[in-house]
>>> print(open('work_32.tsv').read())   # TSV, C-alpha atoms
chain	number	residue	atom	x	y	z
S	1	MET	CA	-6.80	1.19	15.90
S	2	ILE	CA	-4.93	0.15	12.77
S	3	PRO	CA	-3.87	-3.51	12.68
S	4	PHE	CA	-0.32	-4.29	13.66
S	5	VAL	CA	-0.11	-8.01	12.98
S	6	ALA	CA	-1.52	-10.49	10.48
S	7	VAL	CA	-1.41	-14.25	10.83
S	8	VAL	CA	-0.91	-16.42	7.76
S	9	SER	CA	-1.51	-20.14	8.24
S	10	LEU	CA	-0.59	-22.69	5.63
S	11	ARG	CA	-1.58	-26.36	5.85
S	12	ASN	CA	-0.13	-28.84	3.40
S	13	GLN	CA	-1.51	-32.19	2.18
S	14	GLU	CA	0.13	-33.99	5.10
S	15	SER	CA	-1.83	-31.75	7.48
S	16	ARG	CA	1.28	-29.99	8.71
S	17	THR	CA	0.45	-26.41	9.64
S	18	PHE	CA	2.84	-23.51	9.34
S	19	ARG	CA	1.82	-20.32	11.03
S	20	VAL	CA	3.55	-17.05	10.24
S	21	TRP	CA	2.97	-13.85	12.16
S	22	VAL	CA	3.44	-10.92	9.80
S	23	PRO	CA	4.28	-7.64	11.54
S	24	ILE	CA	2.22	-5.20	9.47
S	25	PHE	CA	3.34	-2.31	11.65
S	26	LEU	CA	6.68	-2.48	9.82
S	27	ILE	CA	4.84	-1.70	6.59
S	28	TRP	CA	3.18	1.31	8.25
S	29	LEU	CA	6.58	2.44	9.56
S	30	LEU	CA	8.05	2.19	6.06
S	31	LEU	CA	5.09	3.92	4.45
S	32	LEU	CA	4.93	6.78	6.92
S	33	PRO	CA	8.06	8.69	5.70
S	34	LEU	CA	7.00	8.01	2.10
S	35	ALA	CA	3.54	9.42	2.79
S	36	ILE	CA	5.06	12.49	4.42
S	37	LEU	CA	7.37	13.04	1.45
S	38	LEU	CA	4.56	12.61	-1.04
S	39	SER	CA	1.96	14.60	0.91
S	40	PRO	CA	2.46	17.90	-1.02
S	41	PHE	CA	1.97	16.08	-4.33
S	42	ILE	CA	-1.06	14.19	-3.00
S	43	PHE	CA	-2.47	17.49	-1.73
S	44	ILE	CA	-2.05	19.12	-5.17
S	45	ALA	CA	-3.52	16.07	-6.94
S	46	CYS	CA	-6.55	16.20	-4.63
S	47	LEU	CA	-7.06	19.89	-5.37
S	48	VAL	CA	-6.79	19.27	-9.12
S	49	CYS	CA	-9.37	16.46	-8.88
S	50	ARG	CA	-11.56	18.63	-6.62
S	51	VAL	CA	-11.40	16.16	-3.75
S	52	ASN	CA	-11.10	17.36	-0.19
S	53	PRO	CA	-7.61	16.06	0.79
S	54	PHE	CA	-8.42	16.01	4.51
S	55	ARG	CA	-11.53	13.97	3.89
S	56	GLY	CA	-9.49	11.63	1.69
S	57	VAL	CA	-6.92	11.09	4.44
S	58	ALA	CA	-9.71	10.53	6.97
S	59	VAL	CA	-11.34	7.88	4.79
S	60	ILE	CA	-8.04	6.07	4.16
S	61	TRP	CA	-7.43	6.10	7.93
S	62	GLN	CA	-10.91	4.63	8.47
S	63	ILE	CA	-10.18	1.87	5.96
S	64	LEU	CA	-6.92	0.99	7.70
S	65	ASN	CA	-8.72	0.92	11.04
S	66	ALA	CA	-11.47	-1.29	9.67
S	67	LEU	CA	-9.04	-3.88	8.30
S	68	ALA	CA	-8.75	-5.52	11.72
S	69	ASP	CA	-10.64	-8.81	12.02
S	70	THR	CA	-10.65	-9.48	8.30
S	71	ASN	CA	-10.38	-13.20	7.73
S	72	ILE	CA	-9.86	-15.16	4.52
S	73	GLU	CA	-9.69	-18.97	4.45
S	74	VAL	CA	-9.22	-21.21	1.45
S	75	GLU	CA	-9.18	-25.01	1.66
S	76	HIS	CA	-8.61	-27.47	-1.10
S	77	ARG	CA	-8.64	-31.17	-0.26
S	78	SER	CA	-6.66	-31.37	2.97
S	79	ALA	CA	-4.48	-28.35	2.13
S	80	GLY	CA	-5.44	-24.84	2.98
S	81	MET	CA	-4.39	-21.35	3.88
S	82	SER	CA	-5.85	-18.63	6.02
S	83	PHE	CA	-5.10	-14.96	6.41
S	84	HIS	CA	-6.26	-13.17	9.51
S	85	VAL	CA	-5.64	-9.51	10.29
S	86	LEU	CA	-5.42	-8.91	14.04
W	1	MET	CA	-38.09	-13.61	3.48
W	2	ASN	CA	-36.96	-10.75	5.64
W	3	GLU	CA	-37.04	-10.68	9.42
W	4	HIS	CA	-39.93	-8.23	9.77
W	5	ARG	CA	-42.24	-10.17	7.52
W	6	ARG	CA	-41.35	-13.38	9.33
W	7	GLN	CA	-42.19	-11.78	12.69
W	8	ILE	CA	-45.49	-10.46	11.40
W	9	LEU	CA	-46.46	-13.85	9.96
W	10	GLN	CA	-45.51	-15.51	13.23
W	11	MET	CA	-47.74	-13.10	15.15
W	12	LEU	CA	-50.52	-13.90	12.69
W	13	SER	CA	-50.06	-17.65	13.11
W	14	GLU	CA	-50.12	-17.24	16.90
W	15	GLY	CA	-53.38	-15.33	16.61
W	16	LYS	CA	-51.95	-12.16	18.15
W	17	ILE	CA	-53.03	-10.08	15.16
W	18	SER	CA	-55.74	-10.43	12.52
W	19	ALA	CA	-55.11	-11.00	8.82
W	20	ASP	CA	-55.98	-7.35	8.06
W	21	GLU	CA	-53.55	-6.07	10.66
W	22	ALA	CA	-50.86	-8.39	9.31
W	23	GLU	CA	-51.44	-7.07	5.81
W	24	ARG	CA	-51.16	-3.47	7.01
W	25	LEU	CA	-48.00	-4.22	8.98
W	26	ILE	CA	-46.37	-5.95	6.01
W	27	ALA	CA	-47.27	-3.04	3.75
W	28	ALA	CA	-45.82	-0.59	6.31
W	29	ALA	CA	-42.65	-2.67	6.67
W	30	GLU	CA	-42.16	-2.79	2.91
W	31	ALA	CA	-42.88	0.89	2.30
W	32	PRO	CA	-39.78	3.02	1.60
W	33	SER	CA	-40.75	5.41	4.37
W	34	ALA	CA	-40.83	2.60	6.86
W	35	THR	CA	-37.19	2.83	7.80
W	36	GLY	CA	-38.06	4.12	11.24
W	37	PHE	CA	-40.48	1.28	11.79
W	38	ALA	CA	-37.94	-1.23	10.61
W	39	ASP	CA	-35.21	0.13	12.86
W	40	GLN	CA	-37.57	0.23	15.83
W	41	SER	CA	-38.59	-3.35	15.24
W	42	PHE	CA	-34.97	-4.34	14.80
W	43	SER	CA	-33.94	-2.86	18.12
W	44	SER	CA	-37.02	-4.11	19.94
W	45	THR	CA	-36.07	-7.70	19.14
W	46	GLY	CA	-32.81	-7.10	20.96
W	47	LYS	CA	-30.83	-8.38	17.98
W	48	SER	CA	-27.44	-6.71	17.67
W	49	ARG	CA	-26.26	-5.16	14.43
W	50	PRO	CA	-24.20	-7.52	12.30
W	51	ARG	CA	-20.48	-6.92	12.38
W	52	TYR	CA	-19.31	-8.98	9.42
W	53	LEU	CA	-20.21	-9.77	5.85
W	54	ARG	CA	-19.51	-13.42	5.25
W	55	VAL	CA	-19.00	-15.16	1.91
W	56	VAL	CA	-18.81	-18.96	2.02
W	57	VAL	CA	-18.17	-21.05	-1.07
W	58	ASP	CA	-18.28	-24.86	-1.04
W	59	SER	CA	-17.32	-26.54	-4.22
W	60	GLU	CA	-17.30	-30.27	-4.69
W	61	ASP	CA	-16.20	-32.24	-7.68
W	62	ASN	CA	-18.58	-35.14	-8.36
W	63	ASN	CA	-15.83	-37.26	-9.87
W	64	GLY	CA	-13.82	-36.96	-6.69
W	65	CYS	CA	-10.63	-36.19	-8.64
W	66	GLU	CA	-10.22	-32.59	-7.57
W	67	GLY	CA	-11.54	-32.89	-4.03
W	68	PRO	CA	-13.67	-30.32	-2.22
W	69	THR	CA	-12.69	-26.66	-2.18
W	70	LYS	CA	-13.89	-24.28	0.52
W	71	VAL	CA	-13.54	-20.53	0.65
W	72	ASN	CA	-14.55	-18.56	3.70
W	73	VAL	CA	-14.21	-14.76	3.65
W	74	ARG	CA	-15.20	-12.57	6.58
W	75	VAL	CA	-15.14	-8.83	5.99
W	76	PRO	CA	-15.94	-6.36	8.79
W	77	MET	CA	-18.99	-4.20	7.99
W	78	GLN	CA	-16.89	-1.24	9.12
W	79	LEU	CA	-14.57	-1.90	6.18
W	80	LEU	CA	-17.53	-1.86	3.79
W	81	ARG	CA	-18.69	1.45	5.23
W	82	ALA	CA	-15.22	2.96	4.89
W	83	GLY	CA	-15.00	1.68	1.32
W	84	VAL	CA	-18.33	3.26	0.52
W	85	ARG	CA	-17.07	6.58	1.91
W	86	LEU	CA	-14.00	6.26	-0.30
W	87	ALA	CA	-16.26	5.66	-3.31
W	88	GLY	CA	-18.06	8.87	-2.35
W	89	LEU	CA	-14.81	10.77	-2.88
W	90	LEU	CA	-14.46	9.78	-6.51
W	91	PRO	CA	-14.27	12.91	-8.67
W	92	ALA	CA	-17.12	13.60	-11.10
W	93	GLN	CA	-14.72	13.21	-14.02
W	94	ALA	CA	-13.95	9.61	-13.05
W	95	LEU	CA	-17.64	8.86	-12.52
W	96	ARG	CA	-18.49	10.16	-15.99
W	97	ARG	CA	-15.83	7.94	-17.56
W	98	ALA	CA	-17.11	4.96	-15.56
W	99	ASN	CA	-20.65	5.75	-16.76
W	100	ILE	CA	-19.53	5.70	-20.38
W	101	ALA	CA	-17.68	2.41	-19.90
W	102	MET	CA	-20.72	0.85	-18.20
W	103	GLN	CA	-23.08	2.04	-20.90
W	104	GLN	CA	-20.81	0.46	-23.50
W	105	GLN	CA	-21.22	-2.80	-21.59
W	106	GLY	CA	-25.00	-2.37	-21.62
W	107	ILE	CA	-25.35	-1.36	-17.96
W	108	PRO	CA	-27.49	1.80	-17.86
W	109	ILE	CA	-26.52	3.05	-14.39
W	110	ASP	CA	-25.72	6.71	-13.79
W	111	LEU	CA	-23.10	6.70	-11.03
W	112	THR	CA	-23.23	10.48	-10.69
W	113	GLN	CA	-26.75	10.11	-9.28
W	114	ILE	CA	-25.54	7.89	-6.43
W	115	LYS	CA	-24.88	10.00	-3.37
W	116	PRO	CA	-22.75	8.92	-0.37
W	117	GLU	CA	-25.93	8.91	1.76
W	118	ASN	CA	-27.49	6.36	-0.61
W	119	LEU	CA	-24.45	4.14	-0.34
W	120	GLU	CA	-24.48	4.39	3.46
W	121	GLU	CA	-28.12	3.39	3.43
W	122	LEU	CA	-27.31	0.49	1.14
W	123	VAL	CA	-24.70	-0.86	3.55
W	124	GLU	CA	-27.11	-0.41	6.48
W	125	HIS	CA	-29.69	-2.53	4.69
W	126	LEU	CA	-27.23	-5.32	4.00
W	127	ASN	CA	-28.25	-6.58	7.46
W	128	ASP	CA	-31.19	-8.40	5.94
W	129	LEU	CA	-29.25	-9.75	3.02
W	130	THR	CA	-28.82	-13.47	2.52
W	131	VAL	CA	-27.87	-14.85	-0.85
W	132	ASP	CA	-27.83	-18.60	-1.40
W	133	VAL	CA	-26.72	-20.00	-4.70
W	134	ASP	CA	-26.75	-23.75	-5.33
W	135	GLN	CA	-25.47	-25.09	-8.58
W	136	LYS	CA	-25.56	-28.79	-9.32
W	137	ASP	CA	-24.54	-30.27	-12.61
W	138	ALA	CA	-22.85	-33.40	-13.87
W	139	GLY	CA	-19.34	-32.14	-13.20
W	140	ALA	CA	-19.53	-30.32	-9.90
W	141	LYS	CA	-21.66	-29.06	-7.04
W	142	VAL	CA	-21.13	-25.47	-5.92
W	143	LYS	CA	-22.81	-23.73	-3.02
W	144	VAL	CA	-22.32	-20.01	-2.37
W	145	ARG	CA	-23.69	-18.20	0.69
W	146	VAL	CA	-23.45	-14.48	1.32
W	147	PHE	CA	-24.84	-13.20	4.60
W	148	CYS	CA	-24.23	-10.83	7.49
W	149	GLU	CA	-23.50	-12.03	11.00
>>> encode(input="work_32.tsv", output="structure tokens")
Amino acid sequence: MIPFVAVVSLRNQESRTFRVWVPIFLIWLLLLPLAILLSPFIFIACLVCRVNPFRGVAVIWQILNALADTNIEVEHRSAGMSFHVL
Amino acid sequence: MNEHRRQILQMLSEGKISADEAERLIAAAEAPSATGFADQSFSSTGKSRPRYLRVVVDSEDNNGCEGPTKVNVRVPMQLLRAGVRLAGLLPAQALRRANIAMQQQGIPIDLTQIKPENLEELVEHLNDLTVDVDQKDAGAKVKVRVFCE
């Protein structure tokens, strides 16, 4: 299933942590009509480049699905940030 | 040292197999056609397939001015596989242009020869991958680890 939420944590030098839940599903909702509008052009571009458009869509869907559980953490001194896709 | 070789050497040290048998087993494990053997051995140990590729970087400034920096990246193996499939969709035209650019940089790799099956195989064999880089000099100490878990 494609991820719906990401968590961004920020910790400052005073060790105060701010956690922000980012609703990624809103991005998908915004992108969906755009993707539908652009689909004929994408289809033509795929045909011109000799790429199977259905296979392309399937692979992009797989990438979106696989994004879940990605985790990136960076710490410097006592400050740090982390990004976790749920 | 990879897992199979370690197991074989352990069996040798325990006296379960002779030196000749160990040599044959190592040769079989390292042979390109030994994928089946390797997979069988992998499953027989009961070890599950790794789910993530992990990159850990620890950097420390010796002067203590900058303070330590740590980076920890965990990427699902599934994402790598999907990325590899996306790379397999690149049109031949783009691959040719990439080839030319790489050759100009002195990298003689023909990307058109790499098939999606090869890339899939590559990701499958990342299981055994562990890269450790330690750099120590006067200014800083950096440790990089890349492994699957």
>>> interface_residues(input="work_32.tsv", of="chain S", to="chain W", cutoff="7 Å", atoms="all atoms listed in the file", output="PDB file with C-alpha atoms, in the coordinates of the input")
ATOM      1  CA  CYS S  49      -9.370  16.460  -8.880  1.00  0.00           C
ATOM      2  CA  ARG S  50     -11.560  18.630  -6.620  1.00  0.00           C
ATOM      3  CA  VAL S  51     -11.400  16.160  -3.750  1.00  0.00           C
ATOM      4  CA  VAL S  59     -11.340   7.880   4.790  1.00  0.00           C
ATOM      5  CA  GLN S  62     -10.910   4.630   8.470  1.00  0.00           C
ATOM      6  CA  ILE S  63     -10.180   1.870   5.960  1.00  0.00           C
ATOM      7  CA  ALA S  66     -11.470  -1.290   9.670  1.00  0.00           C
ATOM      8  CA  LEU S  67      -9.040  -3.880   8.300  1.00  0.00           C
ATOM      9  CA  ASP S  69     -10.640  -8.810  12.020  1.00  0.00           C
ATOM     10  CA  THR S  70     -10.650  -9.480   8.300  1.00  0.00           C
ATOM     11  CA  ASN S  71     -10.380 -13.200   7.730  1.00  0.00           C
ATOM     12  CA  ILE S  72      -9.860 -15.160   4.520  1.00  0.00           C
ATOM     13  CA  GLU S  73      -9.690 -18.970   4.450  1.00  0.00           C
ATOM     14  CA  VAL S  74      -9.220 -21.210   1.450  1.00  0.00           C
ATOM     15  CA  GLU S  75      -9.180 -25.010   1.660  1.00  0.00           C
ATOM     16  CA  HIS S  76      -8.610 -27.470  -1.100  1.00  0.00           C
ATOM     17  CA  ARG S  77      -8.640 -31.170  -0.260  1.00  0.00           C
TER      18      ARG S  77
END
>>> atom_distance(input="work_32.tsv", atom1="atom CA of S:Arg19", atom2="atom CA of S:Leu64")
23.3 Å
>>> atom_distance(input="work_32.tsv", atom1="atom CA of W:Gln10", atom2="atom CA of W:Ala27")
15.8 Å
>>> residues_around(input="work_32.tsv", residues="W:Leu111", least_positions_apart="2", cutoff="8 Å", atoms="all atoms listed in the file", output="PyMOL selection string")
chain W and resi 95-96+98-99+109+113-114
>>> atom_distance(input="work_32.tsv", atom1="atom CA of S:Phe43", atom2="atom CA of S:Trp28")
19.8 Å
>>> closest_residue(input="work_32.tsv", among="S:Ala68, S:Leu34, S:Ile60, S:Met1", to="S:Val85", atoms="all atoms listed in the file")
S:Ala68
>>> axis_aligned_box(input="work_32.tsv", around="stretch 53-62 of chain S", padding_each_side="8 Å", output="lines of an AutoDock Vina configuration file")
center_x = -9.2
center_y = 10.3
center_z = 4.6
size_x = 20.6
size_y = 27.4
size_z = 23.7
>>> closest_residue(input="work_32.tsv", among="S:Phe18, S:Phe41, S:Pro23, S:Val48", to="S:Ala6", atoms="all atoms listed in the file")
S:Pro23
>>> residues_around(input="work_32.tsv", residues="S:Thr17", least_positions_apart="4", cutoff="10 Å", atoms="only C-alpha atoms", output="VMD selection string")
chain S and resid 9 to 13 79 to 81
>>> closest_residue(input="work_32.tsv", among="S:Ser39, S:Pro3, S:Glu14, S:Leu86", to="S:Ile27", atoms="only C-alpha atoms")
S:Pro3
>>> decode(input="work_32.tsv", residues="stretch 62-89 of chain W", atoms="N, CA and C atoms", output="short mmCIF file (atom, residue, chain, number, x, y, z; two decimals), in the first residue's frame")
data_model
loop_
_atom_site.label_atom_id
_atom_site.label_comp_id
_atom_site.auth_asym_id
_atom_site.auth_seq_id
_atom_site.Cartn_x
_atom_site.Cartn_y
_atom_site.Cartn_z
N ASN W 62 38.37 15.60 15.07
CA ASN W 62 39.36 15.40 16.13
C ASN W 62 39.59 16.64 16.99
N ASN W 63 39.37 17.80 16.42
CA ASN W 63 39.58 19.03 17.19
C ASN W 63 38.44 19.27 18.17
N GLY W 64 37.32 18.61 17.91
CA GLY W 64 36.18 18.78 18.80
C GLY W 64 35.40 20.06 18.56
N CYS W 65 35.76 20.81 17.52
CA CYS W 65 35.07 22.07 17.24
C CYS W 65 33.70 21.81 16.61
N GLU W 66 33.70 20.92 15.64
CA GLU W 66 32.48 20.68 14.87
C GLU W 66 31.52 19.74 15.57
N GLY W 67 32.04 18.83 16.36
CA GLY W 67 31.21 17.83 17.01
C GLY W 67 30.91 16.68 16.07
N PRO W 68 30.45 15.55 16.63
CA PRO W 68 30.21 14.38 15.77
C PRO W 68 28.98 14.56 14.89
N THR W 69 29.04 13.96 13.71
CA THR W 69 27.89 13.97 12.81
C THR W 69 27.55 12.53 12.48
N LYS W 70 26.28 12.19 12.57
CA LYS W 70 25.84 10.82 12.27
C LYS W 70 24.75 10.85 11.22
N VAL W 71 24.87 9.98 10.26
CA VAL W 71 23.82 9.84 9.24
C VAL W 71 23.42 8.38 9.22
N ASN W 72 22.14 8.15 9.22
CA ASN W 72 21.62 6.78 9.24
C ASN W 72 20.48 6.71 8.22
N VAL W 73 20.71 5.98 7.14
CA VAL W 73 19.69 5.88 6.08
C VAL W 73 19.26 4.42 5.96
N ARG W 74 17.98 4.20 6.00
CA ARG W 74 17.45 2.83 5.84
C ARG W 74 16.50 2.82 4.66
N VAL W 75 16.88 2.07 3.63
CA VAL W 75 16.07 2.02 2.41
C VAL W 75 15.51 0.61 2.26
N PRO W 76 14.21 0.45 2.08
CA PRO W 76 13.66 -0.90 1.87
C PRO W 76 14.23 -1.53 0.59
N MET W 77 14.56 -2.81 0.66
CA MET W 77 15.09 -3.52 -0.52
C MET W 77 14.06 -3.49 -1.66
N GLN W 78 12.78 -3.46 -1.26
CA GLN W 78 11.70 -3.42 -2.24
C GLN W 78 11.81 -2.17 -3.11
N LEU W 79 12.25 -1.08 -2.48
CA LEU W 79 12.41 0.18 -3.22
C LEU W 79 13.56 0.06 -4.22
N LEU W 80 14.62 -0.62 -3.81
CA LEU W 80 15.75 -0.84 -4.72
C LEU W 80 15.30 -1.67 -5.92
N ARG W 81 14.52 -2.71 -5.63
CA ARG W 81 14.04 -3.58 -6.73
C ARG W 81 13.17 -2.78 -7.70
N ALA W 82 12.28 -1.96 -7.14
CA ALA W 82 11.40 -1.16 -8.00
C ALA W 82 12.22 -0.16 -8.81
N GLY W 83 13.24 0.41 -8.19
CA GLY W 83 14.11 1.35 -8.90
C GLY W 83 14.84 0.68 -10.05
N VAL W 84 15.27 -0.55 -9.79
CA VAL W 84 15.97 -1.32 -10.83
C VAL W 84 15.02 -1.60 -12.00
N ARG W 85 13.76 -1.89 -11.68
CA ARG W 85 12.78 -2.13 -12.75
C ARG W 85 12.55 -0.85 -13.56
N LEU W 86 12.57 0.29 -12.86
CA LEU W 86 12.41 1.57 -13.56
C LEU W 86 13.60 1.80 -14.49
N ALA W 87 14.79 1.47 -14.01
CA ALA W 87 15.99 1.62 -14.85
C ALA W 87 15.89 0.74 -16.09
N GLY W 88 15.22 -0.40 -15.93
CA GLY W 88 15.04 -1.31 -17.06
C GLY W 88 14.13 -0.74 -18.14
N LEU W 89 13.38 0.30 -17.79
CA LEU W 89 12.47 0.91 -18.77
C LEU W 89 13.11 2.03 -19.58
#
